[in-house]
Amino acid sequence: MLDLILAFRGEAQTVAAWLICLAALKWGGGPERAIALIWLAVFELGHRGYHLLWNPIFQVDQFDTYHAMQDLVVLFGFVMVALRANRMYTLWIAAFQLIAFSAHLARGIADQITPIAYAALVIGPSYFQLGLMAGGLAMHMRRVRKRGPYRDWTPASANVGWQAFLSMPGRRP
């Protein structure tokens, strides 16, 4: 049974990511939608497109420039959301993304890092991020059901630009 799970963990993670992100786009507030859009755009669509056009696998035996840049872009996006969101779990998602990006830096600096450690540090945080996304969405839905609508963003950044667009109740991206 464990062999079956390990054999299809990538496919299972992809399905889980799509389900969680689509649920966040439908029922989430602004921060949930922002995290979901970043995830879908970069990790699902951009990542799949890259592997279809160029390299079919993640290179663990050398520094992988594309995945390092991808993780840097996502880190920037997650930090922007986390610093403005009225949610605590977004900070954890950004922190796990920092771990993934730091693994690329470590691999670029020291060639002695084993490929399995590099892969674990780059891929591993995404499982925690998906769990945090699902838990954060569930808690958001519970709060809305119990207490009604509440603010999505911190007061200093609320109704500005993309935060206001993602928080509009009638508009769904």
# chains A, B, ... in the order shown; residues from 1 in each chain; ligands from 1

call {"tool": "residues_around", "arguments": {"residues": "Pro149 (chain A)", "least_positions_apart": "4", "cutoff": "10 Å", "atoms": "only C-alpha atoms", "output": "PDB file with N, CA, C and O atoms, in the first residue's frame"}}
result
ATOM      1  N   GLY A  29     -11.723  33.930   0.828  1.00  0.00           N
ATOM      2  CA  GLY A  29     -11.651  35.379   0.809  1.00  0.00           C
ATOM      3  C   GLY A  29     -10.489  35.819  -0.070  1.00  0.00           C
ATOM      4  O   GLY A  29      -9.888  35.017  -0.798  1.00  0.00           O
ATOM      5  N   HIS A 140     -11.515  29.711   7.430  1.00  0.00           N
ATOM      6  CA  HIS A 140     -12.176  30.893   6.877  1.00  0.00           C
ATOM      7  C   HIS A 140     -13.664  30.615   6.666  1.00  0.00           C
ATOM      8  O   HIS A 140     -14.519  31.428   7.060  1.00  0.00           O
ATOM      9  N   MET A 141     -13.977  29.485   6.064  1.00  0.00           N
ATOM     10  CA  MET A 141     -15.377  29.145   5.807  1.00  0.00           C
ATOM     11  C   MET A 141     -16.146  28.988   7.127  1.00  0.00           C
ATOM     12  O   MET A 141     -17.297  29.418   7.238  1.00  0.00           O
ATOM     13  N   ARG A 143     -15.420  30.534  10.014  1.00  0.00           N
ATOM     14  CA  ARG A 143     -15.613  31.867  10.607  1.00  0.00           C
ATOM     15  C   ARG A 143     -16.733  32.616   9.907  1.00  0.00           C
ATOM     16  O   ARG A 143     -17.542  33.276  10.560  1.00  0.00           O
ATOM     17  N   VAL A 144     -16.778  32.543   8.583  1.00  0.00           N
ATOM     18  CA  VAL A 144     -17.838  33.229   7.840  1.00  0.00           C
ATOM     19  C   VAL A 144     -19.198  32.648   8.197  1.00  0.00           C
ATOM     20  O   VAL A 144     -20.177  33.381   8.372  1.00  0.00           O
ATOM     21  N   ARG A 145     -19.278  31.347   8.332  1.00  0.00           N
ATOM     22  CA  ARG A 145     -20.545  30.693   8.670  1.00  0.00           C
ATOM     23  C   ARG A 145     -20.996  31.063  10.083  1.00  0.00           C
ATOM     24  O   ARG A 145     -22.169  31.301  10.326  1.00  0.00           O
ATOM     25  N   PRO A 169     -16.925  40.597  -3.002  1.00  0.00           N
ATOM     26  CA  PRO A 169     -17.746  39.405  -2.850  1.00  0.00           C
ATOM     27  C   PRO A 169     -18.430  38.957  -4.127  1.00  0.00           C
ATOM     28  O   PRO A 169     -18.602  37.767  -4.346  1.00  0.00           O
TER      29      PRO A 169
END

call {"tool": "residues_around", "arguments": {"residues": "region 96-102 of chain A", "least_positions_apart": "3", "cutoff": "8 Å", "atoms": "only C-alpha atoms", "output": "compact mmCIF listing (two decimals) with N, CA and C atoms, in the first residue's frame"}}
result
# COMPACT_ATOMS: atom_id res chain seq x y z
N ALA A 68 14.55 27.24 -9.31
CA ALA A 68 14.98 28.25 -8.34
C ALA A 68 14.28 29.58 -8.62
N ASP A 71 10.59 29.25 -7.65
CA ASP A 71 10.40 29.34 -6.21
C ASP A 71 10.63 30.76 -5.70
N LEU A 72 11.51 31.51 -6.32
CA LEU A 72 11.72 32.91 -5.94
C LEU A 72 10.49 33.75 -6.26
N VAL A 74 7.38 32.71 -6.54
CA VAL A 74 6.32 32.30 -5.63
C VAL A 74 6.60 32.83 -4.22
N LEU A 75 7.85 32.80 -3.80
CA LEU A 75 8.20 33.36 -2.49
C LEU A 75 7.81 34.82 -2.42
N PHE A 78 3.94 35.01 -2.21
CA PHE A 78 3.41 34.56 -0.92
C PHE A 78 3.74 35.54 0.20
N TRP A 92 2.85 31.11 7.47
CA TRP A 92 3.44 29.78 7.46
C TRP A 92 3.67 29.31 6.04
N ILE A 93 2.73 29.60 5.16
CA ILE A 93 2.90 29.21 3.76
C ILE A 93 4.14 29.90 3.18
N LEU A 105 19.43 27.82 -3.02
CA LEU A 105 20.64 28.58 -2.70
C LEU A 105 21.73 27.67 -2.14
N ALA A 106 21.33 26.78 -1.24
CA ALA A 106 22.31 25.85 -0.66
C ALA A 106 22.91 24.96 -1.74
N LEU A 121 14.15 18.98 0.33
CA LEU A 121 14.01 20.36 0.78
C LEU A 121 13.25 21.23 -0.22
N VAL A 122 13.29 20.88 -1.48
CA VAL A 122 12.56 21.66 -2.48
C VAL A 122 11.11 21.20 -2.59
N ILE A 123 10.90 19.89 -2.58
CA ILE A 123 9.56 19.34 -2.80
C ILE A 123 8.76 19.22 -1.50
N GLY A 124 9.41 18.86 -0.42
CA GLY A 124 8.73 18.61 0.85
C GLY A 124 7.85 19.73 1.36
N PRO A 125 8.29 20.98 1.36
CA PRO A 125 7.44 22.05 1.89
C PRO A 125 6.09 22.21 1.18
N SER A 126 6.01 21.80 -0.07
CA SER A 126 4.74 21.97 -0.79
C SER A 126 3.62 21.14 -0.18
N PHE A 128 3.22 20.57 3.03
CA PHE A 128 2.77 21.35 4.18
C PHE A 128 1.97 22.57 3.73
N GLN A 129 2.41 23.20 2.65
CA GLN A 129 1.70 24.36 2.14
C GLN A 129 0.27 24.00 1.72

call {"tool": "select_by_dssp", "arguments": {"residues": "chain A", "states": "alpha helix (DSSP H)", "output": "PyMOL selection string"}}
result
chain A and resi 2-7+9-27+30-38+47-53+65-84+89-109+115-147+161-167

call {"tool": "residues_around", "arguments": {"residues": "region 152-154 of chain A", "least_positions_apart": "6", "cutoff": "8 Å", "atoms": "only C-alpha atoms", "output": "JSON, numbers by chain"}}
result
{"A": [29, 30, 31, 84, 85, 86, 87, 163, 167]}

call {"tool": "write_last_selection", "arguments": {"atoms": "all heavy atoms", "output": "PDB file, in the first residue's frame"}}
result
ATOM      1  N   GLY A  29     -11.723  33.930   0.828  1.00  0.00           N
ATOM      2  CA  GLY A  29     -11.651  35.379   0.809  1.00  0.00           C
ATOM      3  C   GLY A  29     -10.489  35.819  -0.070  1.00  0.00           C
ATOM      4  O   GLY A  29      -9.888  35.017  -0.798  1.00  0.00           O
ATOM      5  N   GLY A  30     -10.139  37.081  -0.005  1.00  0.00           N
ATOM      6  CA  GLY A  30      -9.059  37.618  -0.822  1.00  0.00           C
ATOM      7  C   GLY A  30      -7.727  36.908  -0.666  1.00  0.00           C
ATOM      8  O   GLY A  30      -7.099  36.534  -1.661  1.00  0.00           O
ATOM      9  N   PRO A  31      -7.242  36.686   0.571  1.00  0.00           N
ATOM     10  CA  PRO A  31      -5.954  35.999   0.726  1.00  0.00           C
ATOM     11  C   PRO A  31      -5.975  34.567   0.192  1.00  0.00           C
ATOM     12  O   PRO A  31      -5.004  34.125  -0.426  1.00  0.00           O
ATOM     13  CB  PRO A  31      -5.726  36.009   2.240  1.00  0.00           C
ATOM     14  CG  PRO A  31      -6.495  37.192   2.718  1.00  0.00           C
ATOM     15  CD  PRO A  31      -7.706  37.254   1.835  1.00  0.00           C
ATOM     16  N   ARG A  84       0.137  41.323   4.021  1.00  0.00           N
ATOM     17  CA  ARG A  84      -1.063  42.133   3.934  1.00  0.00           C
ATOM     18  C   ARG A  84      -2.337  41.419   4.414  1.00  0.00           C
ATOM     19  O   ARG A  84      -3.330  42.054   4.698  1.00  0.00           O
ATOM     20  CB  ARG A  84      -1.264  42.586   2.491  1.00  0.00           C
ATOM     21  CG  ARG A  84      -0.233  43.589   2.048  1.00  0.00           C
ATOM     22  CD  ARG A  84      -0.402  43.912   0.569  1.00  0.00           C
ATOM     23  NE  ARG A  84       0.314  45.107   0.173  1.00  0.00           N
ATOM     24  CZ  ARG A  84       1.597  45.164  -0.061  1.00  0.00           C
ATOM     25  NH1 ARG A  84       2.330  44.096   0.064  1.00  0.00           N
ATOM     26  NH2 ARG A  84       2.166  46.292  -0.425  1.00  0.00           N
ATOM     27  N   ALA A  85      -2.297  40.105   4.484  1.00  0.00           N
ATOM     28  CA  ALA A  85      -3.495  39.326   4.805  1.00  0.00           C
ATOM     29  C   ALA A  85      -3.842  39.399   6.287  1.00  0.00           C
ATOM     30  O   ALA A  85      -2.969  39.510   7.142  1.00  0.00           O
ATOM     31  CB  ALA A  85      -3.299  37.871   4.403  1.00  0.00           C
ATOM     32  N   ASN A  86      -5.114  39.314   6.565  1.00  0.00           N
ATOM     33  CA  ASN A  86      -5.608  39.237   7.934  1.00  0.00           C
ATOM     34  C   ASN A  86      -5.760  37.761   8.322  1.00  0.00           C
ATOM     35  O   ASN A  86      -6.788  37.325   8.799  1.00  0.00           O
ATOM     36  CB  ASN A  86      -6.954  39.962   8.030  1.00  0.00           C
ATOM     37  CG  ASN A  86      -7.449  40.081   9.444  1.00  0.00           C
ATOM     38  OD1 ASN A  86      -6.666  40.131  10.378  1.00  0.00           O
ATOM     39  ND2 ASN A  86      -8.756  40.104   9.614  1.00  0.00           N
ATOM     40  N   ARG A  87      -4.721  36.982   8.043  1.00  0.00           N
ATOM     41  CA  ARG A  87      -4.695  35.549   8.311  1.00  0.00           C
ATOM     42  C   ARG A  87      -3.291  35.191   8.807  1.00  0.00           C
ATOM     43  O   ARG A  87      -2.298  35.706   8.299  1.00  0.00           O
ATOM     44  CB  ARG A  87      -4.961  34.713   7.057  1.00  0.00           C
ATOM     45  CG  ARG A  87      -6.092  35.160   6.190  1.00  0.00           C
ATOM     46  CD  ARG A  87      -7.429  34.658   6.696  1.00  0.00           C
ATOM     47  NE  ARG A  87      -8.456  34.749   5.674  1.00  0.00           N
ATOM     48  CZ  ARG A  87      -9.200  35.823   5.472  1.00  0.00           C
ATOM     49  NH1 ARG A  87      -9.015  36.905   6.178  1.00  0.00           N
ATOM     50  NH2 ARG A  87     -10.142  35.812   4.536  1.00  0.00           N
ATOM     51  N   GLN A 163      -5.680  43.645  -3.761  1.00  0.00           N
ATOM     52  CA  GLN A 163      -6.363  43.127  -2.582  1.00  0.00           C
ATOM     53  C   GLN A 163      -7.853  43.428  -2.655  1.00  0.00           C
ATOM     54  O   GLN A 163      -8.684  42.579  -2.343  1.00  0.00           O
ATOM     55  CB  GLN A 163      -5.808  43.731  -1.282  1.00  0.00           C
ATOM     56  CG  GLN A 163      -4.398  43.366  -1.009  1.00  0.00           C
ATOM     57  CD  GLN A 163      -3.464  44.514  -1.338  1.00  0.00           C
ATOM     58  OE1 GLN A 163      -3.672  45.252  -2.274  1.00  0.00           O
ATOM     59  NE2 GLN A 163      -2.421  44.637  -0.579  1.00  0.00           N
ATOM     60  N   SER A 167     -10.956  40.677  -2.979  1.00  0.00           N
ATOM     61  CA  SER A 167     -11.882  40.635  -1.853  1.00  0.00           C
ATOM     62  C   SER A 167     -13.311  40.981  -2.209  1.00  0.00           C
ATOM     63  O   SER A 167     -14.183  40.895  -1.373  1.00  0.00           O
ATOM     64  CB  SER A 167     -11.395  41.576  -0.754  1.00  0.00           C
ATOM     65  OG  SER A 167     -10.170  41.115  -0.263  1.00  0.00           O
TER      66      SER A 167
END

call {"tool": "atom_distance", "arguments": {"atom1": "CA of Cys21 (chain A)", "atom2": "CA of Leu137 (chain A)"}}
result
9.5 Å

call {"tool": "atom_distance", "arguments": {"atom1": "CA of Gly49 (chain A)", "atom2": "CA of Pro115 (chain A)"}}
result
23.8 Å

call {"tool": "closest_residue", "arguments": {"among": "A:Ala36, A:Gln62, A:Ala7, A:Val81", "to": "Ile116 (chain A)", "atoms": "only C-alpha atoms"}}
result
A:Gln62

call {"tool": "closest_residue", "arguments": {"among": "A:Trp18, A:Ala41, A:Phe8, A:Gln70", "to": "Leu130 (chain A)", "atoms": "only C-alpha atoms"}}
result
A:Trp18

call {"tool": "closest_residue", "arguments": {"among": "A:Pro155, A:Ala16, A:Lys146, A:Gly10", "to": "Trp39 (chain A)", "atoms": "only C-alpha atoms"}}
result
A:Ala16

call {"tool": "atom_distance", "arguments": {"atom1": "CA of Val15 (chain A)", "atom2": "CA of Met139 (chain A)"}}
result
21.3 Å

call {"tool": "closest_residue", "arguments": {"among": "A:Glu44, A:Asp64, A:Glu32, A:Asp111", "to": "Thr90 (chain A)", "atoms": "only C-alpha atoms"}}
result
A:Glu32

call {"tool": "decode", "arguments": {"residues": "region 131-142 of chain A", "atoms": "all heavy atoms", "output": "tab-separated table (two decimals), in the first residue's frame"}}
result
chain	number	residue	atom	x	y	z
A	131	GLY	N	-1.51	21.54	2.88
A	131	GLY	CA	-2.25	21.30	4.12
A	131	GLY	C	-2.66	22.59	4.80
A	131	GLY	O	-3.79	22.72	5.29
A	132	LEU	N	-1.76	23.55	4.82
A	132	LEU	CA	-2.08	24.85	5.40
A	132	LEU	C	-3.15	25.58	4.59
A	132	LEU	O	-4.03	26.23	5.16
A	132	LEU	CB	-0.82	25.72	5.49
A	132	LEU	CG	0.17	25.31	6.58
A	132	LEU	CD1	1.52	25.98	6.34
A	132	LEU	CD2	-0.38	25.69	7.95
A	133	MET	N	-3.07	25.48	3.28
A	133	MET	CA	-4.09	26.10	2.43
A	133	MET	C	-5.46	25.50	2.72
A	133	MET	O	-6.45	26.23	2.86
A	133	MET	CB	-3.75	25.94	0.95
A	133	MET	CG	-2.61	26.82	0.49
A	133	MET	SD	-2.04	26.44	-1.18
A	133	MET	CE	-3.50	26.74	-2.15
A	134	ALA	N	-5.54	24.18	2.79
A	134	ALA	CA	-6.81	23.51	3.06
A	134	ALA	C	-7.33	23.87	4.45
A	134	ALA	O	-8.52	24.18	4.62
A	134	ALA	CB	-6.65	21.99	2.92
A	135	GLY	N	-6.46	23.85	5.43
A	135	GLY	CA	-6.86	24.21	6.79
A	135	GLY	C	-7.28	25.67	6.90
A	135	GLY	O	-8.27	25.99	7.57
A	136	GLY	N	-6.53	26.55	6.27
A	136	GLY	CA	-6.87	27.97	6.29
A	136	GLY	C	-8.21	28.25	5.62
A	136	GLY	O	-9.02	29.06	6.10
A	137	LEU	N	-8.46	27.58	4.51
A	137	LEU	CA	-9.74	27.74	3.82
A	137	LEU	C	-10.88	27.21	4.69
A	137	LEU	O	-11.93	27.85	4.80
A	137	LEU	CB	-9.72	27.02	2.47
A	137	LEU	CG	-11.03	27.04	1.69
A	137	LEU	CD1	-11.42	28.46	1.33
A	137	LEU	CD2	-10.91	26.18	0.44
A	138	ALA	N	-10.68	26.07	5.32
A	138	ALA	CA	-11.71	25.51	6.18
A	138	ALA	C	-12.01	26.45	7.36
A	138	ALA	O	-13.18	26.67	7.70
A	138	ALA	CB	-11.29	24.13	6.69
A	139	MET	N	-10.98	27.01	7.96
A	139	MET	CA	-11.18	27.94	9.07
A	139	MET	C	-11.87	29.22	8.60
A	139	MET	O	-12.72	29.76	9.31
A	139	MET	CB	-9.85	28.27	9.74
A	139	MET	CG	-9.21	27.08	10.44
A	139	MET	SD	-10.27	26.26	11.64
A	139	MET	CE	-10.42	27.53	12.86
A	140	HIS	N	-11.51	29.71	7.43
A	140	HIS	CA	-12.18	30.89	6.88
A	140	HIS	C	-13.66	30.61	6.67
A	140	HIS	O	-14.52	31.43	7.06
A	140	HIS	CB	-11.52	31.30	5.55
A	140	HIS	CG	-12.34	32.27	4.77
A	140	HIS	ND1	-12.46	33.59	5.14
A	140	HIS	CD2	-13.08	32.12	3.65
A	140	HIS	CE1	-13.25	34.21	4.28
A	140	HIS	NE2	-13.63	33.33	3.37
A	141	MET	N	-13.98	29.48	6.06
A	141	MET	CA	-15.38	29.14	5.81
A	141	MET	C	-16.15	28.99	7.13
A	141	MET	O	-17.30	29.42	7.24
A	141	MET	CB	-15.46	27.87	4.98
A	141	MET	CG	-14.95	28.05	3.55
A	141	MET	SD	-14.69	26.53	2.63
A	141	MET	CE	-16.26	25.74	2.75
A	142	ARG	N	-15.50	28.43	8.12
A	142	ARG	CA	-16.13	28.27	9.43
A	142	ARG	C	-16.40	29.62	10.09
A	142	ARG	O	-17.48	29.85	10.64
A	142	ARG	CB	-15.23	27.41	10.32
A	142	ARG	CG	-15.84	27.08	11.64
A	142	ARG	CD	-14.94	26.09	12.40
A	142	ARG	NE	-15.08	26.38	13.80
A	142	ARG	CZ	-14.11	26.48	14.66
A	142	ARG	NH1	-12.87	26.27	14.27
A	142	ARG	NH2	-14.33	26.75	15.90
